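Working notes, structure below.
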Amino acid sequence: GENVEQHPSTLSVQEGDSAVIKCTYSDSASNYFPWYKQELGKRPQLIIDIRSNVGEKKDQRIAVTLNKTAKHFSLHITETQPEDSAVYFCAASNNAGNMLTFGGGTRLMVKP
Amino acid sequence: DVKVTQSSRYLVKRTGEKVFLECVQDMDHENMFWYRQDPGLGLRLIYFSYDVKMKEKGDIPEGYSVSREKKERFSLILESASTNQTSMYLCASSPRGRGISQPQHFGDGTRLSIL
């Protein structure tokens, strides 16, 4: 089955700096890659997603890039703010497109 | 807005008890999921249901079963709870994508402690 690796497991940045989280996946048939943000004590919330026919997608301060050949995708957050502090999860779909395999999560801490 | 509701935020049970975790979604989604969340391991899929009375095993189904008698409700059952099942349990739902993957929407989670 699919295997998703996520790095780093923890990331500490100064407010205003950029943060990058990277994920690799194993199933070349995966075609959907969402990112979720989970604040302390809250549910995971979808923040951005990308499909395999697109190489990059942006939404204000967040962007996701996908390299299908290398089977990796990354989340980029620019101008980080303290409210960006959370655990971020990447995921990749199975070839049927109905299930997701999640990475282990990255705890992002933005220091004011 | 999609609402996925889990019946309990916190639950404490004893070893050997039969435990039921309930999840209800209000968006008429075909797909429903149960995950277990442990630090450093991300979200691991326990079971998935794509229709009423239909289910598929996920990555870690051992010790668990599920029930989907109505479209909006998906129950996770711990047949005989053990201490290694102490964890956060998350329910999610998504529409059927007809070949196109769809985002999953999560509930608030149930933190289950088995003593």
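Naming scheme: A, B, ... for chains in displayed order of the structure tokens; residues 1 onward per chain; ligands 1 onward as shown.
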**Message:** I need the chain B residues near chain A as number ranges by chain; criterion: at most 10 Å, counting only C-alpha atoms.
**Reply:** B: 31-33, 37-45, 48-50, 58-59, 90-92, 94-109
**Message:** Residues of chain A classed as strand (DSSP E or B) by DSSP on the backbone are to be reported as number ranges by chain.
**Reply:** A: 4-7, 10-14, 19-25, 32-38, 45-51, 56-59, 62-67, 72-77, 86-93, 100-102, 106-111
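Once B:Ser80 and its same-chain neighbours fewer than 4 positions away are set aside, Thr15, Gly16, Glu17, Lys18, Val19, Gly63 and Tyr64 of chain B remain within 9 Å of it when counting only C-alpha atoms.
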Dump N, CA and C atoms for the selected residues as a PDB file, in the first residue's frame?
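Produced file result.pdb, reproduced below:
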ATOM      1  N   THR B  15     -10.390  -2.158  30.921  1.00  0.00           N
ATOM      2  CA  THR B  15      -9.926  -3.280  30.111  1.00  0.00           C
ATOM      3  C   THR B  15     -10.994  -4.358  30.042  1.00  0.00           C
ATOM      4  N   GLY B  16     -11.223  -4.857  28.817  1.00  0.00           N
ATOM      5  CA  GLY B  16     -12.199  -5.922  28.609  1.00  0.00           C
ATOM      6  C   GLY B  16     -13.599  -5.441  28.282  1.00  0.00           C
ATOM      7  N   GLU B  17     -13.871  -4.159  28.503  1.00  0.00           N
ATOM      8  CA  GLU B  17     -15.194  -3.632  28.188  1.00  0.00           C
ATOM      9  C   GLU B  17     -15.404  -3.546  26.680  1.00  0.00           C
ATOM     10  N   LYS B  18     -16.651  -3.604  26.248  1.00  0.00           N
ATOM     11  CA  LYS B  18     -17.014  -3.347  24.854  1.00  0.00           C
ATOM     12  C   LYS B  18     -17.321  -1.854  24.760  1.00  0.00           C
ATOM     13  N   VAL B  19     -16.641  -1.182  23.827  1.00  0.00           N
ATOM     14  CA  VAL B  19     -16.736   0.268  23.736  1.00  0.00           C
ATOM     15  C   VAL B  19     -17.293   0.674  22.373  1.00  0.00           C
ATOM     16  N   GLY B  63      -8.678  -5.745  16.452  1.00  0.00           N
ATOM     17  CA  GLY B  63      -9.258  -5.336  17.729  1.00  0.00           C
ATOM     18  C   GLY B  63     -10.449  -4.399  17.595  1.00  0.00           C
ATOM     19  N   TYR B  64     -10.788  -4.037  16.354  1.00  0.00           N
ATOM     20  CA  TYR B  64     -11.887  -3.104  16.099  1.00  0.00           C
ATOM     21  C   TYR B  64     -12.891  -3.719  15.125  1.00  0.00           C
TER      22      TYR B  64
END
**Message:** Just want the 9 Å neighbourhood of stretch 69-77 of chain A, counted on only C-alpha atoms, with same-chain residues fewer than 3 positions away dropped. Output as a ChimeraX atom specification.
**Reply:** /A:17-28,33,35,48,61-66,80,84,90
**Request:** Could you tell me which of B:Glu30, B:Glu62, B:Asp51, B:Asp1 comes closest to B:Glu79 if we count only C-alpha atoms?
**Result:**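 Counting only C-alpha atoms, the residue closest to B:Glu79 is B:Glu62.
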